[in-house]
Amino acid sequence: MSQSDTDLIIAGGGLAGATLALALARVLPALRVTVVEAFPLAADALPESYQPSYDARSTALSWGSRQIFGELGLWQWLSEHVTPIEHIHVSDRGHFGATRLHASDHNQAALGYVADNRWMGLCLMRALQDTNVQWLAPAEVQGMTPLTRGVRVAVKTGDRVRQLTAQCLVVADGGRSGLRERLGFQARTHDYGQNALIANVSTAEAHRFTAFERFTDSGPMALLPHGERSRAGNQSALVWTLSDDTLDDVLSLSDADRCRRLQDRFGWRLGRFTCIGQCHHYPLKLTTVDEPVRPGVVLVGNAAHALHPVAGQGFNLALRGLMTLVEQFRLATERAQSLGELPVLRAYQARHRQDWQQTVRFSDSLIRLFGTSPAPLALARDAGLVGLDLLPAAKRWFGRKAMGVGGRRAVISRTAQTQGDSANHE
Ligand SMILES: Cc1cc2nc3c(=O)[nH]c(=O)nc-3n(C[C@H](O)[C@H](O)[C@H](O)COP(=O)(O)OP(=O)(O)OC[C@H]3O[C@@H](n4cnc5c(N)ncnc54)[C@H](O)[C@@H]3O)c2cc1C
C-alpha cells in the first residue's frame with residue numbers, strides 16, 4: 001500500500017473536492033491526499049478570471065452544513081461573511097397557497113446561511129494551506145487504470161502526462177469534463193429545458209433575513225438574503241429559472257426593464273426592485289448516477305448528482321455524502337483495508353443512498369409539481385402549501401428537510417464530533 005505515489009487522488013478542487021481534502025486532512029492527517037485541479041487555484045488566491053466552482057454564485061448552506069463546517073474548523077472563517085436565513089417563505093404566483101418556516105420554530109438561530117461561492121473557495125484554500133494536502137494545479141485527470149491493488153491515474157500538466165498510483169481515485173470534477181463517461185459510469189440526465197439566471201438585486205424593502213421561494217407558471221425563482229448582515233439589509237441573491245427563449249429575451253433587456261420584468265414575476269413582497277447586478281446563467285439538468293462506485297473509484301458532488309438549484313440542496317447533499325465517505329475511509333484505515341476496495345466503497349454507497357435518493361426526489365418533485373399549471377394540480381399544490389402552513393408535524397418535517405438535518409449524521413471522528421458539538425451550541 002505504501003508503495004503507491006500517494007494514497008488518494010481527488011480529481012477536481014472545486015467545492016466538493018476541496019472540502020473532501022480538508023475533511024481528510026482533519027480526520028486522517030497521515031493520509032497522503034493529492035488534489036488535481038484544472039484551474040490555477042493556489043492557497044489564499046483564487047484566479048481573477050472565471051473558475052467553475054468559485055464563481056459569482058451564492059450558496060444557501062443548510063443548518064446541517066453549518067454544523068459540518070463547524071466540525072471541520074472552517075465555520076469560524078466562513079461565518080465572517082455569511083447572511084443568516086431566519087425565515088423561508090414559499091409561495092405560488094397567482095394562487096393562494098403559501099407557507100412560512102421560521103428558525104425559532106426549530107429552536108435554532110437560523111434555518112441556514114447564504115455564502116458567496118468565491119468566499120467559500122478562499123476559506124477552503126486558506127484552511128488547506130496548513131495541511132499536507134498536495135495540490136497539482138493547473139492539471140487534469142485524464143483517465144484511470146485499475147490495478148490489482150489500487151489504481152493508476154493519468155494526470156496531464158501542460159504537455160506532459162504523468163502516471164500516479166494511489167489506493168483510490170475520487171472524481172469531483174463536477175461531471176462536465178467527460179471523465180465520468182471515460183471511466184464507464186452511466187449517468188441519467190433529465191433536461192428541465194430551463195436555465196438559472198443569477199444576479200444580486202437591491203429592493204426598496206429590507207429582507208429581514210427571509211429567503212423567498214416563489215413558483216411561477218414560467219418556472220421557480222428564489223431570492224436569498226445577501227450581503228450586509230443587518231435586518232435592514234436590502235440585497236438579495238436571485239436565482240431565476242427561465243426557458244431558453246425567455247432567457248435570451250431577459251438578457252436583451254436594459255437593467256430597468258429587467259427589474260420591471262422581475263417585479264412582475266416576483267411581486268411586491270420586498271417592495272420595488274431598485275437595481276439588478278451582473279447576470280450569469282446556467283443550463284438546468286437533473287443528472288444522477290445510480291452506481292457511483294467501481295473498484296478503486298468513486299464519484300462525489302456534482303459528478304454523482306446535479307440537481308435543480310431552486311431548492312438549494314445540491315451542495316448540501318454533496319457535503320453530507322463527503323462526510324459519509326470520510327467516515328468510511330476512517331473505518332477502512334482502522335481495519336487496514338485499502339481505500340479503493342469495493343466493499344469499502346459499497347459500504348459508503350449504502351450509507352449515503354437513502355439520503356441522496358430522498359433529496360433528489362424531494363427537489364425534483366418540487367420542480368415538477370410547481371412547474372405544471374393544470375387547474376386541478378394547481379389547486380392541489382396550493383392546498384398543500386396551505387396545509388403545510390397549518391399542520392405543525394408536516395411543517396416541521398419540511399423545515400428539517402430545508403435545514404438538512406434529521407437523517408443519519410456521519411461520525412467522521414469522535415474528537416471532531418465533540419468539538420463540533422460544543423461549537424454548535426455557541
Ligand atoms: C445557479 C446555481 C445555484 C446553486 N445554488 C445552490 C444552493 O443554494 N445550495 C446548494 O446546496 N447547492 C447549490 N447549487 C449546487 C452547487 O453549486 C453544486 O452542488 C456544487 O458547485 C458542486 O460542486 P463540485 O465541486 O461537485 O463541482 P464543480 O463546482 O463543478 O467543481 C468541479 C471542479 O473540478 C475541476 N475539474 C473539472 N474537470 C477536471 C479534471 N478532468 N481534472 C481536474 N479537475 C477538473 C473544475 O475546474 C472545478 O474546480 C447551485 C448550482 C447552480 C448551478
# chains A, B, ... in the order shown; residues from 1 in each chain; ligands from 1
call {"tool": "residues_around", "arguments": {"residues": "A:Leu78", "least_positions_apart": "5", "cutoff": "8 Å", "atoms": "only C-alpha atoms", "output": "JSON, numbers by chain"}}
result
{"A": [115, 119, 120, 123]}
call {"tool": "write_last_selection", "arguments": {"atoms": "C-alpha atoms", "output": "PDB file, in the first residue's frame"}}
result
ATOM      1  CA  ALA A 115     -22.387  32.343   1.417  1.00  0.00           C
ATOM      2  CA  TRP A 119     -15.712  33.385  -0.289  1.00  0.00           C
ATOM      3  CA  MET A 120     -16.143  29.658   0.377  1.00  0.00           C
ATOM      4  CA  CYS A 123     -11.754  29.967   3.109  1.00  0.00           C
TER       5      CYS A 123
END
call {"tool": "residues_around", "arguments": {"residues": "A:Phe329", "least_positions_apart": "3", "cutoff": "9 Å", "atoms": "only C-alpha atoms", "output": "ChimeraX atom specification"}}
result
/A:24,28,324-326,332-334,337-339,344-345,348
call {"tool": "select_by_dssp", "arguments": {"residues": "stretch 126-372 of chain A", "states": "strand (DSSP E)", "output": "ChimeraX atom specification"}}
result
/A:134-136,140-146,151-157,160-166,168-171,188-203,210-216,219-225,235-243,273-276,280-288,293-294,297-299,305-306
call {"tool": "closest_residue", "arguments": {"among": "A:Cys168, A:Ala211, A:Ala18, A:Leu262", "to": "A:Glu86", "atoms": "only C-alpha atoms"}}
result
A:Ala211
call {"tool": "closest_atom_pairs", "arguments": {"of": "chain A", "to": "ligand 1", "cutoff": "7 Å", "atoms": "only C-alpha atoms and all ligand atoms", "output": "JSON lines"}}
result
{"residue": "A:Ala11", "atom": "CA", "partner": "ligand 1", "partner_atom_place_in_ligand_line": "43 (C)", "distance": 4.5}
{"residue": "A:Gly12", "atom": "CA", "partner": "ligand 1", "partner_atom_place_in_ligand_line": "34 (O)", "distance": 3.3}
{"residue": "A:Gly13", "atom": "CA", "partner": "ligand 1", "partner_atom_place_in_ligand_line": "49 (O)", "distance": 4.9}
{"residue": "A:Gly14", "atom": "CA", "partner": "ligand 1", "partner_atom_place_in_ligand_line": "49 (O)", "distance": 3.7}
{"residue": "A:Leu15", "atom": "CA", "partner": "ligand 1", "partner_atom_place_in_ligand_line": "25 (O)", "distance": 4.0}
{"residue": "A:Ala16", "atom": "CA", "partner": "ligand 1", "partner_atom_place_in_ligand_line": "25 (O)", "distance": 3.7}
{"residue": "A:Gly17", "atom": "CA", "partner": "ligand 1", "partner_atom_place_in_ligand_line": "25 (O)", "distance": 5.5}
{"residue": "A:Val36", "atom": "CA", "partner": "ligand 1", "partner_atom_place_in_ligand_line": "43 (C)", "distance": 5.0}
{"residue": "A:Glu37", "atom": "CA", "partner": "ligand 1", "partner_atom_place_in_ligand_line": "44 (N)", "distance": 3.8}
{"residue": "A:Ala38", "atom": "CA", "partner": "ligand 1", "partner_atom_place_in_ligand_line": "44 (N)", "distance": 4.1}
{"residue": "A:Phe39", "atom": "CA", "partner": "ligand 1", "partner_atom_place_in_ligand_line": "47 (O)", "distance": 5.1}
{"residue": "A:Gln51", "atom": "CA", "partner": "ligand 1", "partner_atom_place_in_ligand_line": "47 (O)", "distance": 6.4}
{"residue": "A:Pro52", "atom": "CA", "partner": "ligand 1", "partner_atom_place_in_ligand_line": "48 (C)", "distance": 5.3}
{"residue": "A:Ser53", "atom": "CA", "partner": "ligand 1", "partner_atom_place_in_ligand_line": "29 (O)", "distance": 3.5}
{"residue": "A:Arg57", "atom": "CA", "partner": "ligand 1", "partner_atom_place_in_ligand_line": "3 (C)", "distance": 6.1}
{"residue": "A:Ser58", "atom": "CA", "partner": "ligand 1", "partner_atom_place_in_ligand_line": "8 (O)", "distance": 6.3}
{"residue": "A:Thr59", "atom": "CA", "partner": "ligand 1", "partner_atom_place_in_ligand_line": "8 (O)", "distance": 3.6}
{"residue": "A:Ala60", "atom": "CA", "partner": "ligand 1", "partner_atom_place_in_ligand_line": "8 (O)", "distance": 3.7}
{"residue": "A:Leu61", "atom": "CA", "partner": "ligand 1", "partner_atom_place_in_ligand_line": "9 (N)", "distance": 5.8}
{"residue": "A:Ala139", "atom": "CA", "partner": "ligand 1", "partner_atom_place_in_ligand_line": "43 (C)", "distance": 6.1}
{"residue": "A:Glu140", "atom": "CA", "partner": "ligand 1", "partner_atom_place_in_ligand_line": "42 (N)", "distance": 3.6}
{"residue": "A:Val141", "atom": "CA", "partner": "ligand 1", "partner_atom_place_in_ligand_line": "42 (N)", "distance": 4.1}
{"residue": "A:Gln142", "atom": "CA", "partner": "ligand 1", "partner_atom_place_in_ligand_line": "41 (N)", "distance": 5.8}
{"residue": "A:Ala172", "atom": "CA", "partner": "ligand 1", "partner_atom_place_in_ligand_line": "26 (O)", "distance": 5.2}
{"residue": "A:Asp173", "atom": "CA", "partner": "ligand 1", "partner_atom_place_in_ligand_line": "34 (O)", "distance": 3.5}
{"residue": "A:Gly174", "atom": "CA", "partner": "ligand 1", "partner_atom_place_in_ligand_line": "27 (O)", "distance": 3.4}
{"residue": "A:Gly175", "atom": "CA", "partner": "ligand 1", "partner_atom_place_in_ligand_line": "30 (O)", "distance": 6.8}
{"residue": "A:Arg176", "atom": "CA", "partner": "ligand 1", "partner_atom_place_in_ligand_line": "38 (N)", "distance": 6.6}
{"residue": "A:Ser177", "atom": "CA", "partner": "ligand 1", "partner_atom_place_in_ligand_line": "38 (N)", "distance": 4.6}
{"residue": "A:Leu179", "atom": "CA", "partner": "ligand 1", "partner_atom_place_in_ligand_line": "41 (N)", "distance": 6.0}
{"residue": "A:Ala196", "atom": "CA", "partner": "ligand 1", "partner_atom_place_in_ligand_line": "1 (C)", "distance": 5.3}
{"residue": "A:Leu197", "atom": "CA", "partner": "ligand 1", "partner_atom_place_in_ligand_line": "1 (C)", "distance": 6.8}
{"residue": "A:Ile198", "atom": "CA", "partner": "ligand 1", "partner_atom_place_in_ligand_line": "1 (C)", "distance": 6.2}
{"residue": "A:Val239", "atom": "CA", "partner": "ligand 1", "partner_atom_place_in_ligand_line": "1 (C)", "distance": 6.3}
{"residue": "A:His281", "atom": "CA", "partner": "ligand 1", "partner_atom_place_in_ligand_line": "1 (C)", "distance": 7.0}
{"residue": "A:Tyr282", "atom": "CA", "partner": "ligand 1", "partner_atom_place_in_ligand_line": "53 (C)", "distance": 5.6}
{"residue": "A:Val300", "atom": "CA", "partner": "ligand 1", "partner_atom_place_in_ligand_line": "26 (O)", "distance": 6.5}
{"residue": "A:Gly301", "atom": "CA", "partner": "ligand 1", "partner_atom_place_in_ligand_line": "26 (O)", "distance": 3.6}
{"residue": "A:Asn302", "atom": "CA", "partner": "ligand 1", "partner_atom_place_in_ligand_line": "26 (O)", "distance": 3.8}
{"residue": "A:Ala303", "atom": "CA", "partner": "ligand 1", "partner_atom_place_in_ligand_line": "26 (O)", "distance": 5.9}
{"residue": "A:Ala306", "atom": "CA", "partner": "ligand 1", "partner_atom_place_in_ligand_line": "19 (O)", "distance": 6.3}
{"residue": "A:Leu307", "atom": "CA", "partner": "ligand 1", "partner_atom_place_in_ligand_line": "15 (C)", "distance": 6.9}
{"residue": "A:Pro309", "atom": "CA", "partner": "ligand 1", "partner_atom_place_in_ligand_line": "4 (C)", "distance": 4.5}
{"residue": "A:Val310", "atom": "CA", "partner": "ligand 1", "partner_atom_place_in_ligand_line": "5 (N)", "distance": 6.8}
{"residue": "A:Gly312", "atom": "CA", "partner": "ligand 1", "partner_atom_place_in_ligand_line": "9 (N)", "distance": 3.6}
{"residue": "A:Gln313", "atom": "CA", "partner": "ligand 1", "partner_atom_place_in_ligand_line": "11 (O)", "distance": 4.0}
{"residue": "A:Gly314", "atom": "CA", "partner": "ligand 1", "partner_atom_place_in_ligand_line": "12 (N)", "distance": 3.9}
{"residue": "A:Phe315", "atom": "CA", "partner": "ligand 1", "partner_atom_place_in_ligand_line": "11 (O)", "distance": 3.4}
{"residue": "A:Asn316", "atom": "CA", "partner": "ligand 1", "partner_atom_place_in_ligand_line": "11 (O)", "distance": 4.1}
{"residue": "A:Leu317", "atom": "CA", "partner": "ligand 1", "partner_atom_place_in_ligand_line": "11 (O)", "distance": 6.6}
{"residue": "A:Ala318", "atom": "CA", "partner": "ligand 1", "partner_atom_place_in_ligand_line": "19 (O)", "distance": 6.5}
call {"tool": "write_last_selection", "arguments": {"atoms": "C-alpha atoms", "output": "CSV table (one decimal), in the first residue's frame"}}
result
chain,number,residue,atom,x,y,z
A,11,ALA,CA,-9.9,14.9,-9.5
A,12,GLY,CA,-11.3,18.4,-9.1
A,13,GLY,CA,-10.5,21.0,-6.4
A,14,GLY,CA,-14.0,22.7,-6.5
A,15,LEU,CA,-16.4,22.9,-3.6
A,16,ALA,CA,-16.7,19.2,-3.3
A,17,GLY,CA,-13.1,18.2,-3.9
A,36,VAL,CA,-5.6,17.6,-9.2
A,37,GLU,CA,-7.4,20.8,-10.3
A,38,ALA,CA,-7.9,22.0,-13.9
A,39,PHE,CA,-7.8,25.7,-13.0
A,51,GLN,CA,-13.4,29.4,-12.2
A,52,PRO,CA,-16.3,27.0,-12.5
A,53,SER,CA,-16.8,26.3,-8.8
A,57,ARG,CA,-23.0,32.3,-7.4
A,58,SER,CA,-24.1,32.3,-3.8
A,59,THR,CA,-24.9,29.0,-2.0
A,60,ALA,CA,-27.7,28.5,0.6
A,61,LEU,CA,-26.0,26.4,3.2
A,139,ALA,CA,-3.5,19.9,-14.1
A,140,GLU,CA,-6.2,17.5,-15.4
A,141,VAL,CA,-7.1,13.9,-14.6
A,142,GLN,CA,-7.5,12.2,-18.0
A,172,ALA,CA,-15.1,15.5,-8.0
A,173,ASP,CA,-14.9,17.2,-11.4
A,174,GLY,CA,-18.5,18.5,-11.5
A,175,GLY,CA,-19.5,16.0,-14.2
A,176,ARG,CA,-18.8,18.2,-17.1
A,177,SER,CA,-15.2,17.1,-18.1
A,179,LEU,CA,-14.1,11.9,-17.2
A,196,ALA,CA,-30.9,29.5,-13.9
A,197,LEU,CA,-30.2,33.2,-14.2
A,198,ILE,CA,-28.4,34.6,-11.2
A,239,VAL,CA,-31.9,32.6,-8.9
A,281,HIS,CA,-26.7,31.8,-16.3
A,282,TYR,CA,-26.5,28.0,-16.1
A,300,VAL,CA,-18.9,12.7,-5.5
A,301,GLY,CA,-20.6,16.1,-5.7
A,302,ASN,CA,-22.0,17.1,-9.0
A,303,ALA,CA,-20.2,14.3,-10.7
A,306,ALA,CA,-26.5,17.6,-10.2
A,307,LEU,CA,-29.9,19.0,-9.0
A,309,PRO,CA,-30.8,24.8,-7.7
A,310,VAL,CA,-34.0,26.4,-6.6
A,312,GLY,CA,-30.8,24.8,-2.6
A,313,GLN,CA,-30.0,21.1,-2.0
A,314,GLY,CA,-27.1,20.2,-4.4
A,315,PHE,CA,-24.0,21.2,-2.4
A,316,ASN,CA,-25.7,20.4,1.0
A,317,LEU,CA,-26.4,16.9,-0.2
A,318,ALA,CA,-22.8,16.6,-1.6
call {"tool": "atom_distance", "arguments": {"atom1": "atom CA of A:Asn117", "atom2": "atom CA of A:Arg400"}}
result
23.7 Å
call {"tool": "atom_distance", "arguments": {"atom1": "atom CA of A:Asp55", "atom2": "atom CA of A:His102"}}
result
29.5 Å
call {"tool": "closest_residue", "arguments": {"among": "A:Val161, A:Leu319, A:Leu31, A:Leu124", "to": "A:Gly64", "atoms": "only C-alpha atoms"}}
result
A:Leu319
call {"tool": "atom_distance", "arguments": {"atom1": "atom CA of A:Phe266", "atom2": "atom CA of A:Thr203"}}
result
11.7 Å
call {"tool": "select_by_dssp", "arguments": {"residues": "stretch 209-364 of chain A", "states": "helix (DSSP H, G or I)", "output": "PyMOL selection string"}}
result
chain A and resi 244-251+255-266+301-303+309-311+314-334+342-364
